[in-house]
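Have a look at structure30.txt; it's compact mmCIF, C-alpha atoms:
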# COMPACT_ATOMS: atom_id res chain seq x y z
CA MET A 1 107.64 156.01 70.00
CA PRO A 2 107.19 154.17 66.69
CA SER A 3 108.75 150.69 66.46
CA PRO A 4 111.76 150.15 64.14
CA SER A 5 109.54 148.23 61.71
CA THR A 6 107.12 151.17 61.59
CA GLN A 7 109.95 153.62 61.03
CA THR A 8 111.43 151.65 58.14
CA SER A 9 108.07 150.85 56.50
CA VAL A 10 108.20 154.28 54.84
CA LEU A 11 111.28 153.20 52.90
CA ARG A 12 109.68 152.23 49.61
CA SER A 13 112.35 152.51 46.89
CA VAL A 14 115.92 151.38 46.32
CA ARG A 15 116.97 155.01 46.67
CA ASP A 16 115.17 155.29 50.02
CA LEU A 17 117.07 152.30 51.37
CA VAL A 18 120.44 153.59 50.20
CA ARG A 19 119.81 156.98 51.80
CA TRP A 20 118.60 155.39 55.05
CA GLY A 21 121.59 153.05 55.19
CA ALA A 22 124.05 155.89 54.67
CA SER A 23 122.40 157.90 57.43
CA GLN A 24 122.54 154.95 59.81
CA PHE A 25 126.20 154.32 59.00
CA LYS A 26 127.12 157.93 59.72
CA ALA A 27 125.05 158.02 62.90
CA ASN A 28 126.83 154.90 64.19
CA GLY A 29 130.34 156.11 63.36
CA LEU A 30 131.35 153.42 60.89
CA TYR A 31 134.73 153.57 59.17
CA PHE A 32 135.08 153.29 55.39
CA GLY A 33 138.30 152.25 53.72
CA HIS A 34 137.84 148.71 52.46
CA GLY A 35 136.70 149.31 48.91
CA THR A 36 134.65 152.46 49.52
CA ASP A 37 135.53 155.69 51.30
CA ASN A 38 132.11 157.03 52.28
CA ALA A 39 128.81 155.96 53.80
CA LEU A 40 126.71 156.50 50.67
CA ASP A 41 128.81 154.24 48.41
CA GLU A 42 128.99 151.57 51.10
CA ALA A 43 125.22 151.59 51.57
CA PHE A 44 124.69 151.53 47.80
CA HIS A 45 126.76 148.35 47.37
CA LEU A 46 125.14 146.58 50.31
CA VAL A 47 121.60 147.49 49.30
CA LEU A 48 122.12 146.28 45.73
CA HIS A 49 123.72 143.07 46.96
CA ALA A 50 120.76 142.32 49.23
CA LEU A 51 118.43 142.92 46.27
CA HIS A 52 120.51 140.69 43.96
CA LEU A 53 121.31 143.64 41.71
CA THR A 54 124.64 144.72 40.25
CA PRO A 55 126.37 148.09 40.88
CA ASP A 56 125.94 149.06 37.22
CA LEU A 57 122.16 149.24 37.74
CA PRO A 58 120.66 151.97 35.50
CA THR A 59 119.76 154.98 37.61
CA VAL A 60 116.07 154.79 36.71
CA TYR A 61 115.73 151.58 38.74
CA LEU A 62 116.72 153.36 41.94
CA GLU A 63 113.12 154.59 42.01
CA ALA A 64 111.72 151.06 41.83
CA ALA A 65 109.58 149.97 44.77
CA VAL A 66 110.75 147.12 46.97
CA THR A 67 108.62 144.39 48.50
CA ASP A 68 108.29 143.93 52.26
CA ALA A 69 110.55 140.87 52.10
CA GLU A 70 113.18 142.76 50.11
CA ARG A 71 113.09 145.69 52.53
CA ALA A 72 113.57 143.33 55.46
CA ALA A 73 116.56 141.62 53.76
CA VAL A 74 118.22 144.96 53.04
CA ILE A 75 117.72 146.30 56.56
CA LYS A 76 119.04 143.06 58.06
CA LEU A 77 122.26 143.37 56.03
CA LEU A 78 122.73 147.07 56.79
CA GLN A 79 122.22 146.44 60.50
CA GLN A 80 124.72 143.58 60.34
CA ARG A 81 127.30 146.03 58.98
CA ILE A 82 126.62 148.33 61.94
CA LYS A 83 126.58 145.64 64.59
CA THR A 84 129.62 143.60 63.52
CA ARG A 85 131.76 146.39 62.01
CA GLN A 86 132.70 143.91 59.30
CA PRO A 87 133.81 145.55 56.05
CA ALA A 88 131.16 145.36 53.35
CA ALA A 89 133.34 143.05 51.25
CA TYR A 90 133.09 140.35 53.92
CA LEU A 91 129.31 140.67 54.09
CA ILE A 92 129.04 140.49 50.31
CA GLY A 93 131.72 137.80 49.97
CA GLU A 94 133.60 139.43 47.13
CA ILE A 95 135.20 142.64 45.91
CA GLN A 96 136.52 144.04 42.66
CA PHE A 97 140.26 144.41 42.12
CA CYS A 98 141.72 145.43 38.75
CA GLY A 99 138.19 145.19 37.38
CA LEU A 100 138.00 141.52 38.41
CA PRO A 101 135.81 139.90 41.07
CA PHE A 102 137.60 138.12 43.92
CA THR A 103 136.16 135.94 46.66
CA VAL A 104 137.05 137.27 50.14
CA ASP A 105 136.22 136.49 53.74
CA GLU A 106 137.65 137.04 57.21
CA ARG A 107 140.68 134.84 56.42
CA VAL A 108 142.21 137.45 54.11
CA LEU A 109 142.82 141.17 53.90
CA VAL A 110 140.19 143.04 51.88
CA PRO A 111 141.88 143.85 48.52
CA ARG A 112 142.46 147.59 48.17
CA SER A 113 146.09 147.98 47.11
CA PRO A 114 147.04 150.73 44.64
CA ILE A 115 149.29 148.09 43.07
CA GLY A 116 146.20 147.28 41.01
CA GLU A 117 146.77 150.44 38.99
CA LEU A 118 150.39 149.44 38.45
CA ILE A 119 149.27 146.05 37.12
CA GLU A 120 146.89 147.77 34.70
CA ARG A 121 149.87 149.82 33.49
CA ARG A 122 151.82 146.56 33.08
CA PHE A 123 154.46 147.95 35.44
CA ALA A 124 155.52 150.58 32.89
CA PRO A 125 158.01 152.11 32.52
CA TRP A 126 160.12 149.69 34.55
CA LEU A 127 159.41 146.37 32.84
CA GLN A 128 161.04 146.40 29.44
CA GLN A 129 159.87 142.92 28.44
CA GLU A 130 157.16 140.46 29.40
CA PRO A 131 157.96 138.69 32.68
CA GLN A 132 158.07 134.91 32.47
CA THR A 133 157.89 134.28 36.22
CA ILE A 134 156.01 136.36 38.81
CA LEU A 135 155.73 135.95 42.57
CA ASP A 136 152.87 137.39 44.64
CA LEU A 137 154.46 137.37 48.10
CA CYS A 138 152.11 137.47 51.12
CA ALA A 139 149.35 136.78 48.63
CA GLY A 140 146.26 136.92 50.88
CA SER A 141 143.32 136.42 48.53
CA GLY A 142 145.69 136.04 45.56
CA CYS A 143 144.22 139.08 43.83
CA ILE A 144 147.56 140.67 42.93
CA GLY A 145 149.06 137.50 41.50
CA ILE A 146 145.95 136.47 39.60
CA ALA A 147 145.54 139.96 38.15
CA CYS A 148 149.20 139.78 37.07
CA ALA A 149 148.57 136.41 35.46
CA LEU A 150 145.69 137.81 33.42
CA ALA A 151 147.79 140.84 32.45
CA PHE A 152 150.72 138.63 31.41
CA PRO A 153 149.15 135.42 30.03
CA ASP A 154 152.52 133.84 29.18
CA ALA A 155 153.90 134.20 32.71
CA GLN A 156 153.91 131.52 35.38
CA VAL A 157 152.70 132.97 38.68
CA ASP A 158 153.23 131.74 42.24
CA LEU A 159 151.07 132.87 45.16
CA ALA A 160 153.11 132.55 48.37
CA GLU A 161 151.13 132.61 51.61
CA LEU A 162 151.72 131.29 55.13
CA SER A 163 148.13 131.26 56.43
CA PRO A 164 146.23 128.02 55.65
CA GLY A 165 142.97 129.96 55.55
CA ALA A 166 144.33 132.50 53.09
CA LEU A 167 145.74 129.68 50.94
CA ALA A 168 142.24 128.21 50.72
CA VAL A 169 140.92 131.57 49.50
CA CYS A 170 143.80 131.80 46.99
CA LYS A 171 142.85 128.40 45.60
CA ALA A 172 139.18 129.37 45.39
CA ASN A 173 140.12 132.46 43.37
CA ILE A 174 142.43 130.46 41.10
CA GLU A 175 139.49 128.18 40.35
CA ARG A 176 137.14 131.12 39.97
CA HIS A 177 139.34 132.65 37.28
CA ASP A 178 140.17 129.29 35.67
CA CYS A 179 143.91 129.96 35.75
CA GLY A 180 145.15 126.81 37.47
CA GLU A 181 147.52 125.95 34.61
CA GLN A 182 149.23 129.32 35.01
CA VAL A 183 148.94 130.06 38.74
CA ARG A 184 149.76 127.94 41.79
CA ALA A 185 149.29 128.66 45.50
CA LEU A 186 152.18 127.63 47.77
CA LYS A 187 152.44 127.54 51.54
CA SER A 188 155.53 129.60 52.27
CA ASP A 189 156.94 131.75 55.07
CA LEU A 190 158.06 134.49 52.68
CA PHE A 191 160.57 132.71 50.40
CA ASN A 192 161.16 129.64 52.56
CA GLY A 193 158.67 127.34 50.83
CA LEU A 194 159.52 128.15 47.22
CA GLY A 195 162.37 125.73 46.61
CA GLU A 196 164.95 127.17 44.20
CA MET A 197 162.50 129.33 42.25
CA ARG A 198 163.66 132.72 40.96
CA TYR A 199 161.46 135.38 39.42
CA ASP A 200 161.47 138.20 36.90
CA LEU A 201 159.05 140.15 39.10
CA ILE A 202 158.22 139.94 42.79
CA VAL A 203 155.16 141.88 43.95
CA SER A 204 154.30 142.09 47.64
CA ASN A 205 151.76 143.73 49.89
CA PRO A 206 153.15 142.47 53.21
CA PRO A 207 152.13 143.41 56.75
CA TYR A 208 153.60 146.85 57.47
CA VAL A 209 151.62 148.47 60.30
CA PRO A 210 153.44 149.17 63.60
CA VAL A 211 151.76 147.20 66.37
CA ALA A 212 150.89 150.32 68.39
CA GLU A 213 149.20 151.83 65.32
CA TRP A 214 147.35 148.60 64.59
CA LYS A 215 145.89 148.58 68.10
CA ALA A 216 144.50 152.08 67.53
CA LEU A 217 142.90 151.35 64.14
CA PRO A 218 139.10 151.49 63.72
CA GLN A 219 137.16 148.32 64.51
CA GLU A 220 136.77 147.45 60.83
CA PHE A 221 140.52 146.74 60.58
CA HIS A 222 140.33 144.43 63.57
CA GLN A 223 137.95 142.20 61.61
CA GLU A 224 140.87 141.46 59.25
CA PRO A 225 143.65 138.99 60.13
CA ARG A 226 146.17 140.62 62.43
CA MET A 227 149.01 138.76 60.70
CA ALA A 228 148.11 140.55 57.45
CA LEU A 229 148.53 144.00 59.02
CA ALA A 230 150.76 144.24 62.12
CA ALA A 231 154.50 143.71 61.74
CA GLY A 232 156.56 144.61 64.78
CA LYS A 233 157.40 147.83 66.53
CA ASP A 234 157.94 149.89 63.38
CA GLY A 235 156.01 147.71 60.92
CA MET A 236 159.14 146.82 58.99
CA ASP A 237 159.87 143.30 60.29
CA LEU A 238 158.75 141.46 57.16
CA VAL A 239 159.86 144.21 54.78
CA ALA A 240 163.40 143.84 56.16
CA ARG A 241 163.35 140.12 55.38
CA ILE A 242 161.99 140.73 51.90
CA LEU A 243 164.71 143.26 51.07
CA ALA A 244 167.44 140.98 52.39
CA GLU A 245 166.26 137.85 50.60
CA ALA A 246 164.82 139.23 47.36
CA PRO A 247 168.14 139.54 45.46
CA SER A 248 168.68 135.78 45.59
CA ARG A 249 165.11 135.25 44.39
CA LEU A 250 165.22 137.64 41.45
CA VAL A 251 166.77 136.84 38.10
CA GLU A 252 169.25 139.27 36.55
CA GLY A 253 167.31 142.37 35.57
CA GLY A 254 164.44 141.47 37.90
CA TRP A 255 162.31 143.90 39.92
CA LEU A 256 160.82 144.03 43.39
CA VAL A 257 157.55 145.92 43.93
CA CYS A 258 156.51 146.33 47.56
CA GLU A 259 153.80 148.25 49.39
CA VAL A 260 154.41 149.87 52.77
CA GLY A 261 151.37 152.19 52.76
CA GLY A 262 151.43 154.80 55.48
CA SER A 263 154.67 153.43 56.91
CA VAL A 264 156.90 155.30 54.46
CA PRO A 265 158.54 157.30 57.31
CA GLU A 266 159.41 154.06 59.12
CA PHE A 267 160.81 152.61 55.89
CA GLU A 268 162.95 155.65 55.19
CA ALA A 269 164.19 155.71 58.78
CA ARG A 270 165.54 152.19 58.34
CA TRP A 271 166.83 152.52 54.77
CA PRO A 272 167.49 156.23 54.15
CA ARG A 273 169.90 155.60 51.26
CA LEU A 274 168.18 152.75 49.48
CA PRO A 275 167.45 154.04 45.93
CA VAL A 276 163.82 152.99 45.68
CA THR A 277 161.38 154.73 43.37
CA TRP A 278 158.05 155.66 44.97
CA VAL A 279 155.28 155.01 42.45
CA GLU A 280 152.86 157.83 41.71
CA PHE A 281 149.24 156.81 41.16
CA GLU A 282 146.55 158.62 39.21
CA ARG A 283 143.64 157.17 41.20
CA GLY A 284 145.03 157.70 44.68
CA GLY A 285 147.14 155.64 46.99
CA ASP A 286 150.80 155.77 47.85
CA GLY A 287 153.52 153.94 49.74
CA VAL A 288 154.51 151.55 46.94
CA PHE A 289 158.15 151.34 45.91
CA ILE A 290 159.98 149.58 43.11
CA ILE A 291 163.66 148.66 43.01
CA SER A 292 165.84 146.54 40.74
CA ARG A 293 167.76 143.45 41.80
CA GLU A 294 171.00 145.21 40.92
CA ASP A 295 170.26 148.19 43.17
CA LEU A 296 169.32 145.87 46.01
CA ILE A 297 172.62 144.02 45.68
CA GLU A 298 174.68 147.19 45.43
CA HIS A 299 173.10 149.00 48.39
CA LEU A 300 172.34 146.14 50.74

For this file, produce the structure as structure tokens.
Amino acid sequence: MPSPSTQTSVLRSVRDLVRWGASQFKANGLYFGHGTDNALDEAFHLVLHALHLTPDLPTVYLEAAVTDAERAAVIKLLQQRIKTRQPAAYLIGEIQFCGLPFTVDERVLVPRSPIGELIERRFAPWLQQEPQTILDLCAGSGCIGIACALAFPDAQVDLAELSPGALAVCKANIERHDCGEQVRALKSDLFNGLGEMRYDLIVSNPPYVPVAEWKALPQEFHQEPRMALAAGKDGMDLVARILAEAPSRLVEGGWLVCEVGGSVPEFEARWPRLPVTWVEFERGGDGVFIISREDLIEHL
């Protein structure tokens, strides 16, 4: 039987390596859902990263030959994806969100929230004027808050995060986007570390996965911090706290935007009469609601 090195020596072009990587990913049962949704796209991004090329590479260069050293570097990275089950974003060290690059590692959830589309729409039609204060609650990498800051350059933005590791990633991304005068990262257990601050807009992608469901997730999800995903028996432990405490943290006319992903049934079981609006997205994704401070006060 030919050795692995002999088998891969026939891979001569960038296209060959992408095809081989996708085949290996499928054969080894990898899961895709952390920035890509299929084996071919995942292999494409990893191959180009190993070759120090960008994803906007003109198609003609896919036929370019690779050197032996380049082939070895690509195969090493692809095999690392298979062996560790780490999402590609961790292996690359960054991912795009709202068209912006963000540093990520195992200390934070891989950014993938459909809230990005809502930021690009500037939260229309709900926001009637520019927000002056914005809170990214359970900030993780800080991608939501920093994207909001760049969308609303006159707003002051707080990134609230309990995990020291995630806070370090937040600060790295603040520095990366040179927005330290507009954005600050604060250690906070939900609202408890924010002093008396109140906000025009609170945006949150909190943990919302029931523990039993989290245990059954593919291995790739178990590479992410458990505290960023699992949240009690029905996944609503932190969401309940956010709903209860948000009215006192929103200014008059303020809005709460919160993601609960696939836990919409659990949310509606707890709060069947809460008049939230479920946001519809053009590029896919669901489970994001928006509600005004006034409706929160009236119904809770």

Extract, using only C-alpha atoms, all DNA, RNA and protein residues at most 10 Å from A:Pro275, discarding same-chain residues fewer than 4 positions from it, and format them as a ChimeraX atom specification. /A:271,289-292,295-296,298-299

Would you list the contacts of A:Leu11 as a list of chain:residue names, taking every protein, DNA or RNA residue within 8 Å and counting only C-alpha atoms, but skipping same-chain residues closer than 6 positions in sequence?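 Contacts, in chain order: A:Leu17, A:Trp20, A:Arg71.
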
Which residue gives the smallest distance to A:Glu181 among A:Glu266, A:Tyr199, A:Val157, A:Ala27, with all atoms listed in the file counted?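 Ranking A:Glu266, A:Tyr199, A:Val157, A:Ala27 by distance to A:Glu181, first place goes to A:Val157.
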
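Considering all atoms listed in the file, the residue among A:Leu190, A:Val257, A:Leu30, A:Ala244 positioned nearest to A:Phe221 is A:Leu30.
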
I'd like the neighbourhood of stretch 170-177 of chain A as an mmCIF file with C-alpha atoms, keeping the file's coordinate frame, where a residue qualifies if any of its atoms comes within 10 Å (using all atoms listed in the file), though same-chain residues fewer than 3 positions away should be ignored.
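After the write, part10.cif holds the following:
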data_model
loop_
_atom_site.group_PDB
_atom_site.id
_atom_site.type_symbol
_atom_site.label_atom_id
_atom_site.label_comp_id
_atom_site.auth_asym_id
_atom_site.auth_seq_id
_atom_site.Cartn_x
_atom_site.Cartn_y
_atom_site.Cartn_z
ATOM 1 C CA LEU A 100 138.000 141.520 38.410
ATOM 2 C CA PRO A 101 135.810 139.900 41.070
ATOM 3 C CA PHE A 102 137.600 138.120 43.920
ATOM 4 C CA THR A 103 136.160 135.940 46.660
ATOM 5 C CA VAL A 104 137.050 137.270 50.140
ATOM 6 C CA VAL A 108 142.210 137.450 54.110
ATOM 7 C CA ALA A 139 149.350 136.780 48.630
ATOM 8 C CA GLY A 140 146.260 136.920 50.880
ATOM 9 C CA SER A 141 143.320 136.420 48.530
ATOM 10 C CA GLY A 142 145.690 136.040 45.560
ATOM 11 C CA CYS A 143 144.220 139.080 43.830
ATOM 12 C CA GLY A 145 149.060 137.500 41.500
ATOM 13 C CA ILE A 146 145.950 136.470 39.600
ATOM 14 C CA ALA A 147 145.540 139.960 38.150
ATOM 15 C CA LEU A 150 145.690 137.810 33.420
ATOM 16 C CA LEU A 159 151.070 132.870 45.160
ATOM 17 C CA ALA A 160 153.110 132.550 48.370
ATOM 18 C CA GLU A 161 151.130 132.610 51.610
ATOM 19 C CA PRO A 164 146.230 128.020 55.650
ATOM 20 C CA GLY A 165 142.970 129.960 55.550
ATOM 21 C CA ALA A 166 144.330 132.500 53.090
ATOM 22 C CA LEU A 167 145.740 129.680 50.940
ATOM 23 C CA GLY A 180 145.150 126.810 37.470
ATOM 24 C CA GLU A 181 147.520 125.950 34.610
ATOM 25 C CA GLN A 182 149.230 129.320 35.010
ATOM 26 C CA VAL A 183 148.940 130.060 38.740
ATOM 27 C CA ARG A 184 149.760 127.940 41.790
ATOM 28 C CA ALA A 185 149.290 128.660 45.500
ATOM 29 C CA LEU A 186 152.180 127.630 47.770
#

Counting all atoms listed in the file, the option among A:Gln129, A:Asn192, A:Gln219, A:Ser113 closest to A:Val288: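 Closest candidate: A:Ser113.
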
Find the residues near A:Leu118: any atom within 12 Å, counting all atoms listed in the file, skip ones fewer than 5 places away on the same chain, and give them as a VMD selection string. chain A and resid 97 to 98 113 123 to 127 144 147 to 148 151 203 257 to 259 278 to 286 288 to 290

Any idea what's packed within 9 Å of A:Pro131, counting all atoms listed in the file, ignoring anything in its chain fewer than 6 positions away? Could you give it as a list in words? Phe152, Asp154, Ala155, Gln156, Tyr199, Asp200, Leu201 and Gly254 of chain A

What is the distance between atom CA of A:Pro207 and atom CA of A:Ala230, in Å to one decimal?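 These atoms are spaced 5.6 Å apart.
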
In Å, with one decimal, what is the gap from atom CA of A:Gly262 to atom CA of A:Thr36?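 Distance between the two atoms: 18.0 Å.
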
Atom CA of A:Gln80 to atom CA of A:Lys215 measures 23.1 Å

Which of these residues is nearest to A:Phe32, using all atoms listed in the file: A:Leu274, A:Pro218, A:Pro247, A:Arg12?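 Going through A:Leu274, A:Pro218, A:Pro247, A:Arg12 one by one, the smallest distance to A:Phe32 is for A:Pro218.
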
Counting all atoms listed in the file, the option among A:Ile92, A:Ala65, A:Leu250, A:Leu135 closest to A:Ala50: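 Distance minimum relative to A:Ala50 lands on A:Ile92.
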
Among listed residues A:Asp105, A:Glu63, A:Glu268, A:Glu252, nearest A:Asp234 (using only C-alpha atoms):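 Comparing A:Asp105, A:Glu63, A:Glu268, A:Glu252 against A:Asp234, the winner is A:Glu268.
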
Coords for stretch 12-31 of chain A, N, CA, C and O atoms, as an mmCIF file, in the first residue's frame:
data_model
loop_
_atom_site.group_PDB
_atom_site.id
_atom_site.type_symbol
_atom_site.label_atom_id
_atom_site.label_comp_id
_atom_site.auth_asym_id
_atom_site.auth_seq_id
_atom_site.Cartn_x
_atom_site.Cartn_y
_atom_site.Cartn_z
ATOM 1 N N ARG A 12 -0.925 18.516 -6.883
ATOM 2 C CA ARG A 12 0.048 19.465 -7.428
ATOM 3 C C ARG A 12 -0.435 20.911 -7.432
ATOM 4 O O ARG A 12 0.383 21.831 -7.438
ATOM 5 N N SER A 13 -1.744 21.140 -7.423
ATOM 6 C CA SER A 13 -2.259 22.512 -7.517
ATOM 7 C C SER A 13 -3.052 22.878 -6.277
ATOM 8 O O SER A 13 -3.410 22.023 -5.451
ATOM 9 N N VAL A 14 -3.358 24.167 -6.157
ATOM 10 C CA VAL A 14 -4.210 24.639 -5.069
ATOM 11 C C VAL A 14 -5.564 23.929 -5.138
ATOM 12 O O VAL A 14 -6.095 23.468 -4.132
ATOM 13 N N ARG A 15 -6.087 23.809 -6.350
ATOM 14 C CA ARG A 15 -7.378 23.138 -6.521
ATOM 15 C C ARG A 15 -7.317 21.682 -6.063
ATOM 16 O O ARG A 15 -8.241 21.174 -5.421
ATOM 17 N N ASP A 16 -6.238 21.002 -6.369
ATOM 18 C CA ASP A 16 -6.066 19.605 -5.932
ATOM 19 C C ASP A 16 -6.157 19.503 -4.410
ATOM 20 O O ASP A 16 -6.812 18.607 -3.866
ATOM 21 N N LEU A 17 -5.495 20.409 -3.729
ATOM 22 C CA LEU A 17 -5.452 20.362 -2.273
ATOM 23 C C LEU A 17 -6.817 20.656 -1.660
ATOM 24 O O LEU A 17 -7.213 20.032 -0.673
ATOM 25 N N VAL A 18 -7.536 21.602 -2.254
ATOM 26 C CA VAL A 18 -8.883 21.902 -1.754
ATOM 27 C C VAL A 18 -9.789 20.685 -1.925
ATOM 28 O O VAL A 18 -10.510 20.287 -0.996
ATOM 29 N N ARG A 19 -9.739 20.070 -3.090
ATOM 30 C CA ARG A 19 -10.580 18.894 -3.344
ATOM 31 C C ARG A 19 -10.218 17.763 -2.396
ATOM 32 O O ARG A 19 -11.096 17.114 -1.820
ATOM 33 N N TRP A 20 -8.924 17.515 -2.209
ATOM 34 C CA TRP A 20 -8.477 16.440 -1.318
ATOM 35 C C TRP A 20 -8.920 16.721 0.111
ATOM 36 O O TRP A 20 -9.411 15.827 0.808
ATOM 37 N N GLY A 21 -8.756 17.952 0.561
ATOM 38 C CA GLY A 21 -9.163 18.302 1.914
ATOM 39 C C GLY A 21 -10.639 18.092 2.136
ATOM 40 O O GLY A 21 -11.057 17.517 3.158
ATOM 41 N N ALA A 22 -11.464 18.511 1.173
ATOM 42 C CA ALA A 22 -12.908 18.328 1.308
ATOM 43 C C ALA A 22 -13.266 16.849 1.376
ATOM 44 O O ALA A 22 -14.122 16.438 2.172
ATOM 45 N N SER A 23 -12.608 16.049 0.570
ATOM 46 C CA SER A 23 -12.876 14.605 0.591
ATOM 47 C C SER A 23 -12.499 13.999 1.938
ATOM 48 O O SER A 23 -13.230 13.173 2.491
ATOM 49 N N GLN A 24 -11.352 14.408 2.476
ATOM 50 C CA GLN A 24 -10.921 13.900 3.773
ATOM 51 C C GLN A 24 -11.879 14.334 4.889
ATOM 52 O O GLN A 24 -12.182 13.550 5.801
ATOM 53 N N PHE A 25 -12.351 15.559 4.818
ATOM 54 C CA PHE A 25 -13.284 16.053 5.832
ATOM 55 C C PHE A 25 -14.571 15.237 5.822
ATOM 56 O O PHE A 25 -15.083 14.840 6.880
ATOM 57 N N LYS A 26 -15.096 14.986 4.634
ATOM 58 C CA LYS A 26 -16.330 14.204 4.524
ATOM 59 C C LYS A 26 -16.102 12.771 4.996
ATOM 60 O O LYS A 26 -16.936 12.193 5.701
ATOM 61 N N ALA A 27 -14.981 12.195 4.622
ATOM 62 C CA ALA A 27 -14.694 10.804 4.987
ATOM 63 C C ALA A 27 -14.556 10.640 6.498
ATOM 64 O O ALA A 27 -14.851 9.580 7.049
ATOM 65 N N ASN A 28 -14.126 11.707 7.181
ATOM 66 C CA ASN A 28 -13.911 11.629 8.622
ATOM 67 C C ASN A 28 -15.070 12.217 9.433
ATOM 68 O O ASN A 28 -14.954 12.340 10.651
ATOM 69 N N GLY A 29 -16.155 12.556 8.757
ATOM 70 C CA GLY A 29 -17.374 12.958 9.452
ATOM 71 C C GLY A 29 -17.276 14.261 10.218
ATOM 72 O O GLY A 29 -17.880 14.403 11.294
ATOM 73 N N LEU A 30 -16.553 15.237 9.689
ATOM 74 C CA LEU A 30 -16.461 16.523 10.368
ATOM 75 C C LEU A 30 -17.796 17.260 10.314
ATOM 76 O O LEU A 30 -18.624 17.031 9.432
ATOM 77 N N TYR A 31 -17.967 18.174 11.282
ATOM 78 C CA TYR A 31 -19.174 19.007 11.304
ATOM 79 C C TYR A 31 -18.790 20.422 10.889
ATOM 80 O O TYR A 31 -17.730 20.937 11.266
#
